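> Take this structure, written in structure tokens, and hold onto it; I'll ask about it next.
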Amino acid sequence: DNDADYAAIAAEAVHPDTKTYGVNQTEVPLALTRAEAGNAVTRWLQEARIARDQASFALPPSLLSVGAGDVVQLDTAKHAGRYRVDRIEEAGLRLIANFLRWAP
């Protein structure tokens with residue numbers, strides 16, 4: 001709001017297809033328009049929903065073909081699914097982290 005003199009306001013986002021009673025609250029000192037703030041909180045909510053479903057594991061250095069952005073299939077006794085690689089750490093082993101479930 002151009003005339004708000006940097007007054008504090010709130011922005012809210014909800015998933016229309018989900019019934020929940022949980023609430024997350026974050027305070028961030030930013031100067032944004034209402035539209036920008038609405039877009040930011042919607043994105044944060046989407047990222048939080050995606051982050052609930054992730055996997056992490058380690059690969060030997062010989063498997064250098066797996067990189068960030070690749071989609072891999074995991075099939076174990078307890079879990080199966082396709083995931084997009086978000087981050088790789090090189091520490092002797094290749095530590096694959098922050099997989100995001102992939103549903104093209």
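In the structure tokens, each chain is lettered A, B, ... as it comes, each chain's residues begin at 1, and ligands are numbered from 1 in order of appearance.
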Which residues are close to stretch 13-22 of chain A, i.e. within 9 Å by only C-alpha atoms, leaving aside same-chain residues fewer than 6 positions away? Reply as a list of chain:residue names.

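Counting only C-alpha atoms, the residues come to A:Gly38, A:Asn39, A:Val41, A:Thr42, A:Arg43, A:Trp44, A:Leu45, A:Gln46.
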
> Could you give me the residues within chain A that DSSP places in strand (DSSP E or B), as a PyMOL selection string?

chain A and resi 57-59+71-75+80-84+87-91+93-97+100-101

> Quick one: pick out all alpha helix (DSSP H) residues within chain A from a backbone DSSP run and write them as a PyMOL selection string.

chain A and resi 34-51

> Rank A:Ala91, A:Ala31, A:Ala51, A:Leu63 by their smallest atom-to-atom distance to A:Tyr6, using only C-alpha atoms, and report the top residue only.

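Ranking A:Ala91, A:Ala31, A:Ala51, A:Leu63 by distance to A:Tyr6, first place goes to A:Ala31.
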
> What separation in Å, quoted to one decimal, exists between atom CA of A:Ala35 and atom CA of A:Arg52?

26.4 Å

> Quick one: of A:Ala68, A:Ala4, A:Ile96, A:Ala37, who's nearest to A:Gln54, counting only C-alpha atoms?

A:Ile96

> Quote the spacing between atom CA of A:Ala8 and atom CA of A:Gln25 in Å to one decimal place.

14.3 Å

> Given the choices A:Leu64, A:Ala10, A:Ala48, A:Ala55, which gets closest to A:Gly81 if the distance is worked out from only C-alpha atoms?

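That would be A:Ala55, the residue with the smallest distance to A:Gly81.
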
> So, with only C-alpha atoms as the atoms that count, which of A:Glu12, A:Asp86, A:Glu27, A:Glu36 lies closest to A:Asp70?

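When distances to A:Asp70 are compared using only C-alpha atoms, the smallest one comes from A:Asp86.
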
> Mind pulling up the distance from atom CA of A:Glu47 to atom CA of A:Pro60?

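Atom-to-atom, atom CA of A:Pro60 and atom CA of A:Glu47 are spaced 29.2 Å apart.
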